[in-house]
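K.L.:
If it helps, the file is called model.txt and holds compact mmCIF, C-alpha atoms:
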# COMPACT_ATOMS: atom_id res chain seq x y z
CA MET I 8 0.00 0.00 0.00
CA MET I 9 2.81 2.34 0.61
CA LYS I 10 4.00 2.07 -2.97
CA MET I 11 0.58 3.01 -4.31
CA ARG I 12 0.49 6.27 -2.37
CA VAL I 13 3.89 7.35 -3.64
CA LYS I 14 2.92 6.87 -7.28
CA ARG I 15 -0.27 8.82 -6.80
CA LYS I 16 1.64 11.68 -5.21
CA GLU I 17 4.10 11.79 -8.13
CA LEU I 18 1.27 11.89 -10.66
CA SER I 19 -0.62 14.56 -8.79
CA SER I 20 2.47 16.83 -8.70
CA PHE I 21 3.05 16.24 -12.44
CA ALA I 22 -0.50 17.27 -13.49
CA PRO I 23 -0.12 21.05 -12.83
CA LEU I 24 3.18 21.04 -14.70
CA PHE I 25 1.52 19.29 -17.65
CA VAL I 26 -1.39 21.78 -17.67
CA PHE I 27 1.06 24.71 -17.52
CA ALA I 28 3.11 23.29 -20.42
CA LEU I 29 -0.06 22.79 -22.46
CA PHE I 30 -1.12 26.39 -21.71
CA ALA I 31 2.34 27.73 -22.67
CA LEU I 32 2.27 25.83 -25.98
CA SER I 33 -1.22 27.18 -26.71
CA VAL I 34 -0.06 30.76 -26.04
CA ILE I 35 2.95 30.31 -28.33
CA ALA I 36 0.76 28.84 -31.09
CA VAL I 37 -1.67 31.77 -30.87
CA LEU I 38 1.18 34.30 -30.93
CA LEU I 39 2.81 32.66 -33.95
CA SER I 40 -0.44 32.50 -35.91
CA GLY I 41 -1.16 36.14 -35.00
CA ALA I 42 2.29 37.18 -36.21
CA LYS I 43 1.75 35.31 -39.48
CA ILE I 44 -1.63 36.99 -40.02
CA TYR I 45 -0.16 40.41 -39.20
CA LYS I 46 2.70 39.88 -41.65
CA GLU I 47 0.32 38.82 -44.45
CA ASN I 48 -2.03 41.76 -43.81
CA ASN I 49 0.91 44.16 -43.78
CA ARG I 50 2.21 42.78 -47.11
CA ARG I 51 -1.26 42.99 -48.67
CA ASP I 52 -1.81 46.55 -47.41
CA SER I 53 1.59 47.65 -48.67
CA SER I 54 0.93 46.14 -52.09
CA SER I 55 -2.51 47.78 -52.23
CA TYR I 56 -1.01 51.12 -51.21
CA ASP I 57 1.61 50.87 -53.98
CA ARG I 58 -1.06 50.09 -56.59
CA VAL I 59 -3.31 52.96 -55.60
CA THR I 60 -0.41 55.40 -55.27
CA VAL I 61 1.04 54.58 -58.71
CA SER I 62 -2.29 54.90 -60.51
CA GLN I 63 -3.25 58.09 -58.65
CA TYR I 64 0.18 59.61 -59.24
CA ILE I 65 0.00 59.02 -63.00
CA ALA I 66 -3.63 60.18 -63.14
CA THR I 67 -2.73 63.39 -61.33
CA ARG I 68 0.22 64.07 -63.63
CA ILE I 69 -1.93 63.50 -66.74
CA ARG I 70 -4.69 65.78 -65.43
CA GLN I 71 -2.17 68.49 -64.55
CA SER I 72 -0.79 68.42 -68.09
CA ASP I 73 -4.14 68.22 -69.89
CA ARG I 74 -3.62 71.18 -72.20
CA ALA I 75 -3.50 71.24 -75.98
CA ASP I 76 -0.33 69.46 -77.19
CA ALA I 77 1.18 69.39 -73.71
CA CYS I 78 1.01 65.65 -73.05
CA PHE I 79 2.72 63.09 -75.27
CA VAL I 80 4.28 59.62 -75.24
CA GLY I 81 7.65 58.45 -76.53
CA ASP I 82 11.05 57.10 -75.64
CA PHE I 83 13.15 58.61 -72.86
CA ALA I 84 15.11 60.79 -75.31
CA GLY I 85 11.91 62.66 -76.20
CA ASN I 86 11.10 61.14 -79.57
CA GLU I 87 7.33 61.34 -79.80
CA SER I 88 5.37 58.27 -80.93
CA GLN I 89 2.04 56.51 -80.42
CA GLU I 90 3.57 54.08 -77.90
CA GLY I 91 6.47 54.32 -75.53
CA ASP I 92 7.89 53.77 -72.11
CA THR I 93 7.88 57.46 -71.12
CA LEU I 94 5.06 59.92 -70.56
CA PHE I 95 5.96 63.57 -71.16
CA TYR I 96 4.28 66.81 -70.48
CA ARG I 97 5.62 70.09 -71.64
CA GLU I 98 5.38 73.48 -70.01
CA ILE I 99 6.53 76.91 -71.07
CA ILE I 100 8.07 78.81 -68.15
CA ASP I 101 9.52 82.30 -68.76
CA GLY I 102 9.63 81.59 -72.50
CA GLU I 103 11.57 78.32 -72.15
CA GLU I 104 10.22 74.84 -72.80
CA TYR I 105 10.47 72.32 -69.97
CA LEU I 106 9.65 68.61 -70.03
CA THR I 107 8.53 66.38 -67.21
CA ARG I 108 9.22 62.71 -67.86
CA ILE I 109 7.38 59.89 -66.08
CA TYR I 110 9.06 56.51 -66.66
CA CYS I 111 10.18 53.26 -65.07
CA TYR I 112 13.83 52.64 -64.30
CA ASN I 113 15.54 50.10 -62.05
CA GLY I 114 12.29 48.89 -60.49
CA TYR I 115 10.90 52.35 -59.66
CA LEU I 116 8.60 54.89 -61.21
CA TYR I 117 10.76 57.96 -61.81
CA GLU I 118 10.04 61.59 -62.56
CA LEU I 119 12.47 64.00 -64.19
CA PHE I 120 11.81 67.72 -64.75
CA SER I 121 14.26 69.52 -67.04
CA LEU I 122 14.73 71.97 -69.87
CA ALA I 123 13.55 70.36 -73.11
CA GLU I 124 16.93 70.67 -74.82
CA ASP I 125 18.96 69.26 -71.91
CA GLU I 126 20.07 65.66 -72.17
CA PHE I 127 19.74 63.35 -69.20
CA GLU I 128 20.02 59.68 -68.35
CA PRO I 129 17.15 57.74 -66.70
CA ARG I 130 19.13 57.52 -63.45
CA ASP I 131 19.06 61.35 -63.18
CA GLY I 132 15.38 61.43 -62.22
CA GLU I 133 13.80 61.08 -58.80
CA PRO I 134 12.48 57.64 -57.77
CA VAL I 135 8.87 57.89 -56.62
CA ILE I 136 7.52 54.41 -55.85
CA PRO I 137 8.39 50.78 -56.71
CA VAL I 138 6.95 49.54 -60.01
CA HIS I 139 8.23 46.82 -62.34
CA SER I 140 7.31 48.35 -65.72
CA LEU I 141 5.26 51.05 -67.44
CA HIS I 142 4.03 51.33 -70.99
CA PHE I 143 2.04 54.19 -72.49
CA ARG I 144 -0.13 54.38 -75.63
CA ARG I 145 -1.43 57.67 -76.96
CA SER I 146 -4.44 57.84 -79.21
CA LYS I 147 -6.69 60.70 -80.18
CA GLY I 148 -8.34 61.82 -76.99
CA SER I 149 -6.80 59.35 -74.54
CA ILE I 150 -3.74 57.80 -72.98
CA GLU I 151 -3.61 54.12 -72.07
CA VAL I 152 -1.24 53.12 -69.27
CA ASP I 153 -0.14 49.52 -68.72
CA ILE I 154 1.44 49.02 -65.30
CA GLU I 155 3.21 45.97 -63.96
CA TYR I 156 3.54 46.46 -60.22
CA SER I 157 6.49 45.31 -58.13
CA ASP I 158 4.49 42.22 -57.04
CA ARG I 159 4.14 41.33 -60.78
CA SER I 160 0.39 42.01 -60.93
CA ASN I 161 -0.86 44.11 -63.86
CA ALA I 162 -3.36 46.87 -64.48
CA THR I 163 -4.41 48.97 -67.45
CA PHE I 164 -5.86 52.45 -67.11
CA PHE I 165 -7.40 54.74 -69.72
CA PHE I 166 -7.32 58.48 -69.27
CA THR I 167 -9.42 60.75 -71.45
CA LEU I 168 -7.78 64.03 -72.35
CA ARG I 169 -10.21 66.92 -72.25
CA SER I 170 -7.85 69.12 -74.21
CA ASP I 171 -8.10 66.79 -77.23
CA ALA I 172 -11.90 67.05 -77.13
CA GLU I 173 -11.66 70.85 -77.01
CA VAL I 174 -9.28 70.94 -80.00
CA ALA I 175 -11.63 68.69 -82.03
CA GLU I 176 -14.63 71.02 -81.49
Starting from the file, lay out its structure as structure tokens.
P.N.:
Amino acid sequence: MMKMRVKRKELSSFAPLFVFALFALSVIAVLLSGAKIYKENNRRDSSSYDRVTVSQYIATRIRQSDRADACFVGDFAGNESQEGDTLFYREIIDGEEYLTRIYCYNGYLYELFSLAEDEFEPRDGEPVIPVHSLHFRRSKGSIEVDIEYSDRSNATFFFTLRSDAEVAE
């Protein structure tokens, strides 16, 4: 009978330790799953922010330049065409022509403001936000923008130019 009491005492002192260990493992599991959910939500929110920011940035720049013959598409050097990887808008300031270039370089959307006759390299601009690629198409009355975001998702936007409608009337 003596042996039976000793075993029972050992088991009864082990039970609280077992319950505590089970509780600790549960807490760790909840914390790890919460951290995983937080990380995923943060990544998704960041990606969503980048998408909205890129599209709104380009939309704002197009709307700001929506004047007759001010907005055009071409290559970085300024050669105008129907399609290209650079969006330009021109301004006349104190009698001199300036160009603002919107383009993709090294995984970022860049902007470069300069005199029209000055020559620059793509690296001379200011990086704005991560983006994988940009492509612009200009047609009468609109600009189509194809964007490949840094997460490799794609979007296409169409912007109607009011200035083209005014010129046609």
K.L.:
Rounded to one decimal place, report the atom CA of I:His142-atom CA of I:Asp92 distance in Å.
P.N.:
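Separating atom CA of I:His142 from atom CA of I:Asp92 is a distance of 4.7 Å.
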K.L.:
Choose the residue, out of I:Val61, I:Ile35, I:Ala66, I:Ala75, that has the smallest atom-to-atom separation from I:Leu141; count all atoms listed in the file.
P.N.:
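Of I:Val61, I:Ile35, I:Ala66, I:Ala75, the one nearest I:Leu141, counting all atoms listed in the file, is I:Val61.
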K.L.:
Rounded to one decimal in Å, what is the spacing between atom CA of I:Leu168 and atom CA of I:Arg130?
P.N.:
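Calculated distance between atom CA of I:Leu168 and atom CA of I:Arg130 is 29.1 Å.
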K.L.:
Please determine, counting all atoms listed in the file, which residue among I:Pro23, I:Gly102, I:Gly81, I:Pro134 has the shortest atom-to-atom distance to I:Leu122.
P.N.:
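Nearest candidate to I:Leu122 out of I:Pro23, I:Gly102, I:Gly81, I:Pro134: I:Gly102.
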K.L.:
Neighbours of I:Glu128 within 12 Å (all atoms listed in the file; same-chain residues fewer than 5 positions away dropped), as a ChimeraX atom specification?
P.N.:
/I:82-85,108,110,112,117-119,121,133
K.L.:
Show which residues sit within 10 Å of I:Arg159, as a short mmCIF file (atom, residue, chain, number, x, y, z; two decimals) with C-alpha atoms, in the frame of the given file. Count all atoms listed in the file, and ignore same-chain residues fewer than 5 positions away.
P.N.:
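The resulting around-v2.cif:
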data_model
loop_
_atom_site.label_atom_id
_atom_site.label_comp_id
_atom_site.auth_asym_id
_atom_site.auth_seq_id
_atom_site.Cartn_x
_atom_site.Cartn_y
_atom_site.Cartn_z
CA VAL I 138 6.95 49.54 -60.01
CA HIS I 139 8.23 46.82 -62.34
CA SER I 140 7.31 48.35 -65.72
CA ILE I 154 1.44 49.02 -65.30
#
K.L.:
Between I:Ala31, I:Val80, I:Ile69, I:Val26, which residue has the minimum interatomic distance to I:Phe166, considering all atoms listed in the file?
P.N.:
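Comparing I:Ala31, I:Val80, I:Ile69, I:Val26 against I:Phe166, the winner is I:Ile69.
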K.L.:
Just how far from atom CA of I:Ser62 is atom CA of I:Ser157, in Å to one decimal?
P.N.:
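Taking atom CA of I:Ser157 as the start and atom CA of I:Ser62 as the end point, the length is 13.2 Å.
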K.L.:
Would you kindly identify which residues have an atom no farther than 12 Å from (9.5, 73.0, -70.0), using all atoms listed in the file and the file's own coordinates, and write them out as a list of chain:residue names?
P.N.:
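Those residues, ordered by chain and then number, are I:Ser72, I:Ala77, I:Cys78, I:Phe95, I:Tyr96, I:Arg97, I:Glu98, I:Ile99, I:Ile100, I:Asp101, I:Gly102, I:Glu103, I:Glu104, I:Tyr105, I:Leu106, I:Thr107, I:Arg108, I:Leu119, I:Phe120, I:Ser121, I:Leu122, I:Ala123, I:Glu124, I:Asp125.
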